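As provided, start.cif (mmCIF, C-alpha atoms) reads as follows.
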data_protein
loop_
_atom_site.label_atom_id
_atom_site.label_comp_id
_atom_site.auth_asym_id
_atom_site.auth_seq_id
_atom_site.Cartn_x
_atom_site.Cartn_y
_atom_site.Cartn_z
CA MET L 1 -71.85 -13.14 -47.89
CA SER L 2 -68.88 -11.47 -49.61
CA GLY L 3 -68.90 -7.76 -50.37
CA ILE L 4 -68.10 -8.33 -54.05
CA ARG L 5 -71.12 -6.99 -55.94
CA THR L 6 -71.77 -9.32 -58.84
CA GLY L 7 -73.91 -9.04 -61.94
CA PHE L 8 -75.04 -11.45 -64.62
CA VAL L 9 -76.31 -11.02 -68.17
CA GLY L 10 -77.56 -14.04 -70.12
CA ILE L 11 -80.10 -15.80 -67.93
CA GLY L 12 -80.45 -18.93 -70.05
CA SER L 13 -80.44 -22.66 -69.34
CA GLN L 14 -76.78 -22.48 -68.28
CA GLY L 15 -76.52 -18.85 -67.14
CA GLU L 16 -79.43 -19.03 -64.72
CA PRO L 17 -77.97 -21.78 -62.49
CA MET L 18 -74.54 -20.11 -62.66
CA ALA L 19 -76.13 -16.90 -61.40
CA ARG L 20 -77.90 -18.80 -58.63
CA ARG L 21 -74.60 -20.22 -57.44
CA MET L 22 -73.06 -16.75 -57.46
CA MET L 23 -75.99 -15.43 -55.43
CA GLN L 24 -75.27 -17.93 -52.65
CA ARG L 25 -71.99 -16.13 -51.93
CA PHE L 26 -72.31 -12.62 -53.38
CA PRO L 27 -74.92 -9.88 -53.80
CA LEU L 28 -76.29 -10.32 -57.33
CA THR L 29 -77.88 -8.00 -59.89
CA VAL L 30 -79.28 -9.34 -63.16
CA TRP L 31 -80.55 -7.90 -66.44
CA ALA L 32 -82.23 -9.49 -69.46
CA ARG L 33 -83.87 -8.24 -72.64
CA ARG L 34 -87.00 -10.09 -71.53
CA PRO L 35 -87.83 -9.00 -67.96
CA GLU L 36 -89.65 -12.28 -67.29
CA ALA L 37 -86.33 -14.12 -67.62
CA CYS L 38 -85.22 -12.48 -64.36
CA ALA L 39 -88.39 -13.28 -62.40
CA ALA L 40 -87.22 -16.48 -60.69
CA LEU L 41 -83.87 -14.97 -59.65
CA ALA L 42 -85.61 -11.83 -58.39
CA GLN L 43 -87.93 -13.98 -56.28
CA ALA L 44 -84.83 -15.73 -54.87
CA GLY L 45 -83.31 -12.40 -53.84
CA ALA L 46 -81.44 -10.95 -56.82
CA GLN L 47 -81.79 -7.31 -57.76
CA VAL L 48 -83.02 -6.57 -61.28
CA ALA L 49 -81.29 -3.67 -63.06
CA GLY L 50 -83.35 -1.29 -65.15
CA SER L 51 -80.72 -1.29 -67.90
CA LEU L 52 -77.40 -2.80 -68.92
CA GLU L 53 -75.73 0.48 -68.04
CA ALA L 54 -77.20 0.49 -64.53
CA LEU L 55 -76.00 -3.07 -63.96
CA GLY L 56 -72.50 -2.14 -65.10
CA GLN L 57 -72.34 0.91 -62.87
CA GLY L 58 -73.30 -1.04 -59.75
CA CYS L 59 -71.18 -4.19 -59.99
CA ASP L 60 -67.60 -5.19 -59.22
CA HIS L 61 -67.82 -8.38 -61.31
CA VAL L 62 -70.15 -9.02 -64.27
CA GLY L 63 -70.64 -12.43 -65.86
CA LEU L 64 -71.77 -12.47 -69.49
CA CYS L 65 -73.29 -15.61 -71.02
CA VAL L 66 -75.18 -14.63 -74.18
CA VAL L 67 -75.24 -16.95 -77.18
CA ASN L 68 -73.10 -15.65 -80.06
CA ASP L 69 -70.41 -13.22 -81.17
CA ALA L 70 -72.82 -10.53 -82.38
CA ASP L 71 -74.72 -10.55 -79.08
CA VAL L 72 -71.47 -10.36 -77.09
CA LEU L 73 -70.23 -7.34 -79.04
CA GLU L 74 -73.62 -5.60 -78.89
CA VAL L 75 -73.96 -6.07 -75.12
CA CYS L 76 -70.34 -5.12 -74.38
CA ALA L 77 -70.60 -1.90 -76.42
CA ARG L 78 -73.20 -0.71 -73.91
CA LEU L 79 -72.08 -2.49 -70.77
CA VAL L 80 -68.33 -1.98 -70.61
CA PRO L 81 -68.26 1.86 -70.90
CA ALA L 82 -70.67 1.99 -67.96
CA MET L 83 -68.53 -0.22 -65.71
CA ARG L 84 -66.31 1.37 -63.09
CA PRO L 85 -62.51 1.29 -63.49
CA GLY L 86 -61.15 -1.65 -61.52
CA SER L 87 -64.24 -3.80 -61.99
CA LEU L 88 -64.15 -7.01 -64.04
CA LEU L 89 -66.03 -8.57 -66.95
CA ALA L 90 -66.09 -12.38 -67.21
CA LEU L 91 -66.98 -13.58 -70.72
CA HIS L 92 -68.65 -16.99 -70.33
CA SER L 93 -70.10 -17.13 -73.87
CA THR L 94 -68.46 -19.45 -76.40
CA VAL L 95 -67.29 -17.23 -79.26
CA LEU L 96 -64.37 -16.73 -81.61
CA PRO L 97 -61.05 -16.05 -79.86
CA GLN L 98 -60.75 -12.76 -81.76
CA THR L 99 -64.10 -11.67 -80.29
CA ALA L 100 -62.70 -12.26 -76.81
CA GLU L 101 -59.62 -10.25 -77.78
CA ALA L 102 -61.83 -7.39 -79.03
CA VAL L 103 -63.76 -7.39 -75.74
CA GLU L 104 -60.50 -7.25 -73.80
CA ARG L 105 -59.39 -4.21 -75.83
CA LEU L 106 -62.71 -2.51 -75.12
CA CYS L 107 -62.33 -3.28 -71.42
CA THR L 108 -58.77 -1.94 -71.35
CA GLU L 109 -59.98 1.37 -72.80
CA SER L 110 -62.37 1.71 -69.86
CA GLY L 111 -59.94 0.50 -67.18
CA VAL L 112 -61.94 -2.70 -66.69
CA ALA L 113 -60.29 -6.09 -66.16
CA MET L 114 -61.44 -8.95 -68.38
CA VAL L 115 -61.27 -12.74 -68.28
CA ASP L 116 -62.27 -14.92 -71.19
CA ALA L 117 -63.97 -17.75 -69.26
CA PRO L 118 -66.18 -20.22 -71.17
CA VAL L 119 -67.44 -23.11 -69.08
CA SER L 120 -68.13 -26.83 -69.42
CA GLY L 121 -70.61 -28.88 -67.44
CA GLY L 122 -73.96 -27.46 -68.52
CA ALA L 123 -76.85 -26.75 -66.19
CA PRO L 124 -76.20 -29.84 -64.00
CA GLY L 125 -72.59 -28.77 -63.45
CA ALA L 126 -73.65 -25.22 -62.63
CA GLU L 127 -76.28 -26.42 -60.16
CA ALA L 128 -73.75 -28.68 -58.44
CA GLY L 129 -70.91 -26.12 -58.49
CA THR L 130 -68.69 -28.50 -60.47
CA MET L 131 -68.17 -26.67 -63.76
CA THR L 132 -64.85 -26.46 -65.55
CA VAL L 133 -63.87 -22.82 -66.21
CA MET L 134 -61.41 -22.36 -69.10
CA CYS L 135 -59.76 -18.97 -68.66
CA GLY L 136 -57.77 -16.60 -70.82
CA GLY L 137 -56.47 -13.25 -69.63
CA ALA L 138 -53.90 -11.54 -67.44
CA GLU L 139 -52.87 -13.29 -64.23
CA ALA L 140 -54.09 -10.35 -62.12
CA ALA L 141 -57.52 -10.45 -63.76
CA PHE L 142 -57.70 -14.22 -63.27
CA ALA L 143 -56.88 -13.84 -59.58
CA GLN L 144 -59.54 -11.12 -59.24
CA ALA L 145 -62.19 -13.28 -60.90
CA ARG L 146 -61.37 -16.59 -59.23
CA PRO L 147 -63.39 -16.12 -55.98
CA VAL L 148 -66.55 -15.65 -58.06
CA PHE L 149 -65.69 -18.53 -60.40
CA GLU L 150 -65.32 -20.79 -57.36
CA SER L 151 -69.01 -20.33 -56.61
CA PHE L 152 -69.93 -22.47 -59.65
CA GLY L 153 -66.65 -24.06 -60.78
CA ARG L 154 -64.45 -26.87 -59.53
CA LEU L 155 -61.60 -26.95 -62.07
CA ILE L 156 -60.59 -23.37 -62.90
CA VAL L 157 -57.60 -23.08 -65.23
CA LEU L 158 -55.69 -20.12 -66.70
CA LEU L 159 -54.64 -21.21 -70.20
CA GLY L 160 -53.01 -18.06 -71.55
CA ALA L 161 -53.97 -14.64 -72.87
CA ALA L 162 -57.51 -13.57 -73.73
CA GLY L 163 -58.90 -15.95 -76.35
CA ALA L 164 -57.10 -19.01 -74.95
CA GLY L 165 -60.18 -20.05 -73.00
CA GLN L 166 -62.29 -19.88 -76.16
CA LYS L 167 -59.79 -22.00 -78.10
CA ALA L 168 -59.83 -24.69 -75.41
CA LYS L 169 -63.64 -24.68 -75.15
CA ILE L 170 -64.11 -24.91 -78.92
CA VAL L 171 -61.70 -27.86 -79.19
CA ASN L 172 -63.36 -29.56 -76.22
CA ASN L 173 -66.84 -29.22 -77.71
CA ALA L 174 -65.74 -30.41 -81.14
CA LEU L 175 -64.19 -33.46 -79.48
CA MET L 176 -67.47 -34.10 -77.64
CA ALA L 177 -69.35 -33.92 -80.96
CA ALA L 178 -66.82 -36.20 -82.69
CA ASN L 179 -67.13 -38.72 -79.85
CA MET L 180 -70.91 -38.71 -80.28
CA GLY L 181 -70.51 -39.28 -84.01
CA LEU L 182 -68.19 -42.22 -83.36
CA ALA L 183 -70.62 -43.55 -80.75
CA GLN L 184 -73.37 -43.52 -83.37
CA ALA L 185 -71.14 -45.46 -85.78
CA ALA L 186 -70.12 -47.95 -83.07
CA LEU L 187 -73.69 -48.72 -82.00
CA GLN L 188 -74.78 -49.06 -85.63
CA ALA L 189 -71.91 -51.49 -86.21
CA GLY L 190 -72.99 -53.51 -83.19
CA GLU L 191 -76.59 -53.65 -84.40
CA ALA L 192 -75.42 -54.74 -87.87
CA LEU L 193 -73.53 -57.60 -86.19
CA GLY L 194 -76.58 -58.64 -84.19
CA VAL L 195 -75.41 -57.29 -80.82
CA GLU L 196 -78.24 -55.90 -78.67
CA ARG L 197 -77.87 -52.12 -78.42
CA GLY L 198 -78.55 -51.74 -74.70
CA ALA L 199 -76.14 -54.50 -73.75
CA LEU L 200 -73.41 -53.07 -75.98
CA ALA L 201 -73.92 -49.59 -74.54
CA GLU L 202 -73.59 -50.97 -71.00
CA LEU L 203 -70.45 -52.89 -71.93
CA VAL L 204 -68.72 -49.94 -73.62
CA ALA L 205 -69.55 -47.66 -70.68
CA ALA L 206 -67.48 -49.97 -68.47
CA SER L 207 -64.72 -50.65 -71.00
CA SER L 208 -61.84 -48.92 -72.77
CA GLY L 209 -64.02 -47.48 -75.55
CA ARG L 210 -66.03 -45.34 -73.17
CA SER L 211 -66.32 -41.55 -73.38
CA PHE L 212 -68.76 -38.92 -72.13
CA GLY L 213 -69.94 -38.44 -75.71
CA PHE L 214 -70.71 -42.16 -75.97
CA GLU L 215 -72.64 -42.08 -72.69
CA VAL L 216 -74.76 -39.16 -73.91
CA TYR L 217 -75.41 -40.75 -77.31
CA ALA L 218 -76.33 -44.11 -75.76
CA ARG L 219 -79.06 -42.40 -73.70
CA ILE L 220 -80.88 -40.82 -76.64
CA PRO L 221 -83.34 -42.81 -78.80
CA GLU L 222 -82.17 -41.23 -82.07
CA PRO L 223 -79.98 -38.25 -83.14
CA ARG L 224 -82.84 -35.73 -83.42
CA ALA L 225 -83.56 -36.19 -79.70
CA PHE L 226 -80.30 -34.29 -79.12
CA GLU L 227 -81.27 -31.39 -81.40
CA HIS L 228 -80.85 -28.53 -78.90
CA GLY L 229 -77.44 -29.71 -77.69
CA ALA L 230 -76.37 -30.53 -81.24
CA ARG L 231 -77.12 -26.99 -82.43
CA MET L 232 -74.79 -25.57 -79.78
CA LEU L 233 -72.08 -28.12 -80.59
CA LEU L 234 -72.47 -27.42 -84.31
CA LYS L 235 -71.97 -23.70 -83.66
CA ASP L 236 -68.80 -24.42 -81.71
CA THR L 237 -67.51 -26.93 -84.27
CA GLU L 238 -67.93 -24.34 -87.03
CA LEU L 239 -66.02 -21.85 -84.85
CA LEU L 240 -63.17 -24.36 -84.74
CA ALA L 241 -63.30 -24.72 -88.52
CA GLN L 242 -62.87 -20.93 -88.80
CA ILE L 243 -59.76 -20.75 -86.62
CA LEU L 244 -57.90 -23.97 -87.49
CA PRO L 245 -54.80 -23.82 -89.70
CA GLY L 246 -55.38 -25.20 -93.19
CA SER L 247 -53.84 -28.67 -92.82
CA GLN L 248 -55.85 -31.86 -93.30
CA ASP L 249 -54.64 -33.27 -89.99
CA SER L 250 -56.02 -30.34 -88.01
CA ALA L 251 -59.40 -30.60 -89.80
CA THR L 252 -59.96 -34.24 -88.80
CA LEU L 253 -61.83 -33.33 -85.60
CA VAL L 254 -64.23 -31.06 -87.48
CA GLU L 255 -64.91 -33.57 -90.24
CA THR L 256 -65.55 -36.35 -87.72
CA ALA L 257 -68.03 -34.21 -85.77
CA ARG L 258 -70.02 -32.70 -88.64
CA PRO L 259 -72.00 -35.73 -89.99
CA PHE L 260 -73.64 -36.54 -86.66
CA LEU L 261 -74.34 -32.86 -85.91
CA HIS L 262 -75.94 -32.26 -89.30
CA LEU L 263 -78.09 -35.37 -88.85
CA ALA L 264 -79.18 -34.28 -85.37
CA THR L 265 -80.11 -30.77 -86.53
CA ALA L 266 -81.67 -31.65 -89.91
CA THR L 267 -85.09 -30.06 -90.46
#
structure tokens encoding of this file:
Amino acid sequence: MSGIRTGFVGIGSQGEPMARRMMQRFPLTVWARRPEACAALAQAGAQVAGSLEALGQGCDHVGLCVVNDADVLEVCARLVPAMRPGSLLALHSTVLPQTAEAVERLCTESGVAMVDAPVSGGAPGAEAGTMTVMCGGAEAAFAQARPVFESFGRLIVLLGAAGAGQKAKIVNNALMAANMGLAQAALQAGEALGVERGALAELVAASSGRSFGFEVYARIPEPRAFEHGARMLLKDTELLAQILPGSQDSATLVETARPFLHLATAT
């Protein structure tokens, strides 16, 4: 086991298996607002910190995977000042690029390296160690973080300065949502023409119209069955709408994704 002391904050459906993969190679400390969220990792051998500050003080590398911009800024305001100079914060949450830039500035003030590193692959990818890690930050920080990222990631790419990883992740997720919306329209068109849905789904999956979004949509009985995933994709699609330039061409992805997402999340 490597001597890099790692920490993780954000023990959710994606963060928990990422942390488990890290723990296979590195000593791991975790913290959560709800102590019960750490119970399974503690039983597997992770240390549980008494506070965010204690976790920051004791780790060389901290992964952060909380849900939204406000949570990221709240956690970092406490965590980063407690981290030792020379340690590193990896921001795995999907947030606005300017939030990632603000976290990097906070880290710089404390002498802490930072990599903006949202991921793709979900819990199955984390469990298998096959996630895609979309990175933004300085080359030296990227090199420092990479050994830990390799515990759960297969494709690990440096895309530019802090915020670049967020931009890539937001575009990727909006494309996934748009593909699911087009899959819905395609299957509805097939049904209107009298083509059996299951047979059409099997055919497209083996043909030129296939996409991961189509495969996911074809497995669900109706849009509301994808409600949890759709809420996360809707959040990311709205982040893209906030940062896109104001041209109609650049808004096409957002407008294609929204109808399906609103249908899947309708109350």
Problem set entry | Option closest in space to Met114 in chain L, from L:Arg258, L:His61, L:Arg84, L:Arg78 [counting all atoms listed in the file] |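 Smallest distance to Met114 in chain L is found for L:His61.
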Exercise. Where does the PyMOL selection byres ((chain L and resi 62-73) around 8) land in this file, that is, which residues does it pick, as a ChimeraX atom specification?
Worked result: /L:6-12,15,56,59-61,74-77,88-96,99,103
Problem set entry | Separation of CA of Gly209 in chain L from CA of Gly122 in chain L, in Å and rounded to one decimal |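 Those two atoms sit 23.4 Å apart.
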Exercise. What's the 12 Å shell around Glu36 in chain L, counting only C-alpha atoms, without same-chain residues fewer than 5 positions away, as a ChimeraX atom specification?
Worked result: /L:11-12,30-31,41-43,48
For this session: For each of L:Gly160, L:Pro81, L:Gly153, L:Pro124, take the minimum atom-to-atom distance to Pro97 in chain L, counting all atoms listed in the file, then give the residue where this is smallest.
Result: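 Closest candidate: L:Gly160.
If all atoms listed in the file are the atoms counted, then among L:Ala178, L:Leu234, L:Ala54, L:Met18 the closest residue to Gly125 in chain L is L:Met18.
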